[in-house]
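What follows is the content of entry.tsv, which has TSV, N, CA and C atoms:
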chain	number	residue	atom	x	y	z
X	1	MET	N	123.75	-17.50	42.94
X	1	MET	CA	122.73	-16.50	42.70
X	1	MET	C	122.08	-16.74	41.34
X	2	THR	N	120.82	-16.45	41.27
X	2	THR	CA	120.11	-16.60	40.00
X	2	THR	C	120.37	-15.38	39.12
X	3	GLU	N	120.04	-15.52	37.85
X	3	GLU	CA	120.24	-14.42	36.92
X	3	GLU	C	119.43	-13.19	37.32
X	4	ALA	N	118.20	-13.40	37.83
X	4	ALA	CA	117.36	-12.28	38.24
X	4	ALA	C	117.98	-11.51	39.40
X	5	MET	N	118.70	-12.20	40.25
X	5	MET	CA	119.33	-11.52	41.39
X	5	MET	C	120.51	-10.66	40.93
X	6	THR	N	121.21	-11.09	39.88
X	6	THR	CA	122.39	-10.35	39.43
X	6	THR	C	122.06	-9.40	38.27
X	7	GLN	N	120.92	-9.57	37.64
X	7	GLN	CA	120.54	-8.70	36.54
X	7	GLN	C	120.27	-7.30	37.07
X	8	LYS	N	120.78	-6.30	36.34
X	8	LYS	CA	120.60	-4.92	36.79
X	8	LYS	C	119.83	-4.14	35.75
X	9	ILE	N	119.17	-3.10	36.24
X	9	ILE	CA	118.45	-2.19	35.36
X	9	ILE	C	118.81	-0.78	35.83
X	10	THR	N	118.95	0.13	34.87
X	10	THR	CA	119.28	1.51	35.20
X	10	THR	C	118.06	2.38	34.98
X	11	ILE	N	117.65	3.07	36.02
X	11	ILE	CA	116.51	3.98	35.98
X	11	ILE	C	116.98	5.33	36.51
X	12	ASP	N	116.80	6.36	35.71
X	12	ASP	CA	117.20	7.71	36.10
X	12	ASP	C	118.65	7.76	36.60
X	13	GLY	N	119.51	7.03	35.91
X	13	GLY	CA	120.94	7.06	36.22
X	13	GLY	C	121.36	6.22	37.41
X	14	LYS	N	120.43	5.50	38.03
X	14	LYS	CA	120.77	4.64	39.17
X	14	LYS	C	120.58	3.18	38.78
X	15	ASP	N	121.53	2.34	39.21
X	15	ASP	CA	121.44	0.91	38.94
X	15	ASP	C	120.69	0.20	40.08
X	16	TYR	N	119.84	-0.74	39.66
X	16	TYR	CA	119.07	-1.53	40.62
X	16	TYR	C	119.20	-3.01	40.27
X	17	ALA	N	119.35	-3.85	41.28
X	17	ALA	CA	119.33	-5.29	41.08
X	17	ALA	C	117.86	-5.68	40.92
X	18	VAL	N	117.52	-6.27	39.76
X	18	VAL	CA	116.13	-6.62	39.48
X	18	VAL	C	115.58	-7.56	40.55
X	19	GLY	N	116.38	-8.49	40.99
X	19	GLY	CA	115.93	-9.47	41.98
X	19	GLY	C	115.61	-8.87	43.34
X	20	LYS	N	116.09	-7.68	43.60
X	20	LYS	CA	115.84	-7.04	44.89
X	20	LYS	C	114.68	-6.05	44.83
X	21	LEU	N	114.10	-5.88	43.65
X	21	LEU	CA	112.97	-4.96	43.52
X	21	LEU	C	111.70	-5.60	44.07
X	22	SER	N	110.76	-4.77	44.44
X	22	SER	CA	109.46	-5.29	44.88
X	22	SER	C	108.77	-5.96	43.70
X	23	GLU	N	107.78	-6.76	44.00
X	23	GLU	CA	107.02	-7.43	42.93
X	23	GLU	C	106.39	-6.40	42.00
X	24	GLU	N	105.85	-5.33	42.58
X	24	GLU	CA	105.24	-4.28	41.77
X	24	GLU	C	106.26	-3.64	40.83
X	25	ALA	N	107.45	-3.36	41.36
X	25	ALA	CA	108.50	-2.75	40.54
X	25	ALA	C	108.93	-3.71	39.43
X	26	ARG	N	109.08	-5.01	39.75
X	26	ARG	CA	109.44	-5.99	38.72
X	26	ARG	C	108.36	-6.07	37.64
X	27	ASN	N	107.10	-6.00	38.05
X	27	ASN	CA	106.01	-6.02	37.06
X	27	ASN	C	106.10	-4.80	36.14
X	28	GLN	N	106.45	-3.67	36.70
X	28	GLN	CA	106.59	-2.46	35.88
X	28	GLN	C	107.77	-2.58	34.91
X	29	VAL	N	108.85	-3.23	35.36
X	29	VAL	CA	110.00	-3.47	34.48
X	29	VAL	C	109.56	-4.35	33.30
X	30	VAL	N	108.79	-5.39	33.60
X	30	VAL	CA	108.28	-6.26	32.54
X	30	VAL	C	107.40	-5.46	31.58
X	31	ASN	N	106.53	-4.61	32.14
X	31	ASN	CA	105.67	-3.78	31.29
X	31	ASN	C	106.48	-2.86	30.39
X	32	LEU	N	107.53	-2.26	30.94
X	32	LEU	CA	108.39	-1.40	30.14
X	32	LEU	C	109.06	-2.18	29.01
X	33	ARG	N	109.52	-3.37	29.31
X	33	ARG	CA	110.18	-4.19	28.28
X	33	ARG	C	109.20	-4.58	27.18
X	34	VAL	N	107.97	-4.91	27.56
X	34	VAL	CA	106.95	-5.23	26.56
X	34	VAL	C	106.68	-4.02	25.68
X	35	CYS	N	106.58	-2.85	26.30
X	35	CYS	CA	106.36	-1.62	25.54
X	35	CYS	C	107.52	-1.34	24.59
X	36	ASP	N	108.75	-1.53	25.07
X	36	ASP	CA	109.92	-1.32	24.22
X	36	ASP	C	109.91	-2.26	23.01
X	37	GLN	N	109.51	-3.51	23.24
X	37	GLN	CA	109.42	-4.47	22.14
X	37	GLN	C	108.35	-4.05	21.13
X	38	GLU	N	107.22	-3.57	21.63
X	38	GLU	CA	106.14	-3.13	20.75
X	38	GLU	C	106.56	-1.90	19.96
X	39	ILE	N	107.27	-0.97	20.60
X	39	ILE	CA	107.77	0.21	19.89
X	39	ILE	C	108.73	-0.20	18.78
X	40	ALA	N	109.61	-1.15	19.07
X	40	ALA	CA	110.54	-1.63	18.04
X	40	ALA	C	109.78	-2.27	16.88
X	41	HIS	N	108.75	-3.05	17.20
X	41	HIS	CA	107.94	-3.69	16.17
X	41	HIS	C	107.23	-2.63	15.32
X	42	LEU	N	106.67	-1.63	15.97
X	42	LEU	CA	105.97	-0.56	15.24
X	42	LEU	C	106.94	0.24	14.36
X	43	LYS	N	108.16	0.45	14.83
X	43	LYS	CA	109.16	1.15	14.03
X	43	LYS	C	109.48	0.35	12.77
X	44	GLN	N	109.56	-0.98	12.90
X	44	GLN	CA	109.80	-1.83	11.74
X	44	GLN	C	108.64	-1.72	10.75
X	45	ARG	N	107.41	-1.77	11.27
X	45	ARG	CA	106.23	-1.66	10.40
X	45	ARG	C	106.19	-0.30	9.72
X	46	LEU	N	106.55	0.77	10.45
X	46	LEU	CA	106.60	2.10	9.86
X	46	LEU	C	107.64	2.16	8.74
X	47	ALA	N	108.79	1.56	8.94
X	47	ALA	CA	109.83	1.54	7.91
X	47	ALA	C	109.32	0.82	6.66
X	48	ILE	N	108.60	-0.28	6.85
X	48	ILE	CA	108.03	-1.01	5.72
X	48	ILE	C	107.02	-0.14	4.99
X	49	ALA	N	106.14	0.53	5.73
X	49	ALA	CA	105.13	1.39	5.12
X	49	ALA	C	105.77	2.56	4.39
X	50	GLN	N	106.82	3.15	4.96
X	50	GLN	CA	107.50	4.27	4.31
X	50	GLN	C	108.19	3.81	3.02
X	51	THR	N	108.76	2.62	3.03
X	51	THR	CA	109.39	2.08	1.83
X	51	THR	C	108.35	1.84	0.74
X	52	ALA	N	107.22	1.26	1.12
X	52	ALA	CA	106.14	1.02	0.16
X	52	ALA	C	105.61	2.34	-0.39
X	53	ARG	N	105.44	3.35	0.47
X	53	ARG	CA	104.95	4.64	0.01
X	53	ARG	C	105.91	5.26	-0.99
X	54	ALA	N	107.20	5.17	-0.72
X	54	ALA	CA	108.20	5.72	-1.63
X	54	ALA	C	108.12	5.02	-2.99
X	55	ALA	N	107.91	3.72	-2.98
X	55	ALA	CA	107.78	2.97	-4.23
X	55	ALA	C	106.53	3.39	-5.00
X	56	TYR	N	105.42	3.58	-4.28
X	56	TYR	CA	104.18	4.03	-4.93
X	56	TYR	C	104.35	5.44	-5.49
X	57	ALA	N	105.00	6.31	-4.77
X	57	ALA	CA	105.22	7.68	-5.24
X	57	ALA	C	106.10	7.67	-6.49
X	58	SER	N	107.09	6.81	-6.50
X	58	SER	CA	107.96	6.68	-7.67
X	58	SER	C	107.16	6.18	-8.88
X	59	GLY	N	106.31	5.18	-8.62
X	59	GLY	CA	105.46	4.68	-9.70
X	59	GLY	C	104.51	5.74	-10.23
X	60	LEU	N	103.98	6.56	-9.34
X	60	LEU	CA	103.09	7.64	-9.75
X	60	LEU	C	103.83	8.67	-10.59
X	61	ARG	N	105.05	9.02	-10.17
X	61	ARG	CA	105.83	9.98	-10.96
X	61	ARG	C	106.09	9.45	-12.37
X	62	LYS	N	106.40	8.17	-12.47
X	62	LYS	CA	106.63	7.57	-13.79
X	62	LYS	C	105.36	7.58	-14.62
X	63	ALA	N	104.23	7.26	-13.99
X	63	ALA	CA	102.96	7.26	-14.71
X	63	ALA	C	102.58	8.66	-15.16
X	64	LEU	N	102.84	9.65	-14.33
X	64	LEU	CA	102.51	11.03	-14.68
X	64	LEU	C	103.43	11.57	-15.77
X	65	ALA	N	104.65	11.09	-15.82
X	65	ALA	CA	105.58	11.56	-16.84
X	65	ALA	C	105.11	11.18	-18.23
X	66	SER	N	104.39	10.09	-18.33
X	66	SER	CA	103.92	9.62	-19.65
X	66	SER	C	102.46	10.00	-19.90
X	67	ALA	N	101.83	10.66	-18.94
X	67	ALA	CA	100.43	11.05	-19.10
X	67	ALA	C	100.33	12.46	-19.64
X	68	GLU	N	99.21	12.74	-20.29
X	68	GLU	CA	98.95	14.11	-20.76
X	68	GLU	C	98.52	14.95	-19.57
X	69	VAL	N	98.94	16.21	-19.62
X	69	VAL	CA	98.51	17.12	-18.58
X	69	VAL	C	97.14	17.66	-18.98
X	70	VAL	N	96.18	17.55	-18.07
X	70	VAL	CA	94.82	18.01	-18.33
X	70	VAL	C	94.59	19.27	-17.48
X	71	GLU	N	94.24	20.35	-18.15
X	71	GLU	CA	93.97	21.60	-17.43
X	71	GLU	C	92.47	21.83	-17.39
X	72	HIS	N	92.02	22.42	-16.32
X	72	HIS	CA	90.60	22.73	-16.17
X	72	HIS	C	90.33	24.12	-16.59
Written as structure tokens, that's how I'd like the structure from this file.
Amino acid sequence: MTEAMTQKITIDGKDYAVGKLSEEARNQVVNLRVCDQEIAHLKQRLAIAQTARAAYASGLRKALASAEVVEH
């Protein structure tokens, strides 16, 4: 048996042999996997952006600590 025939996927608590799914169902599985990969990539990019933002906020706090307070 090929790997696709023995590979299983769980949907709504039920296990399915990927190789026995219809072509349409297999295409949807591929689409879901692509989406999951993109979500993981976006989470990594968000973590990078959040880290950069925290560094900028820290730099701003340091700059403000040494700046004069200007009142209007």
Out of chain X, which residues get strand (DSSP E or B) from DSSP, as a VMD selection string? chain X and resid 8 to 11 14 to 17
How big is the axis-aligned box, and where does its centre sit, when it encloses all atoms of stretch 38-52 of chain X listed in the file and has 3 Å added on every side, reported in Å to one decimal as lines of an AutoDock Vina configuration file?
center_x = 107.8
center_y = 0.3
center_z = 10.6
size_x = 11.4
size_y = 14.0
size_z = 28.0
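A straight line drawn from atom C of X:Thr6 to atom N of X:Val18 is 5.7 Å long.
Atom pair atom CA of X:Ala17 / atom C of X:Asn31: separated by 16.9 Å.
Pairwise distance (atom C of X:Arg26, atom C of X:Gln7) equals 12.0 Å.
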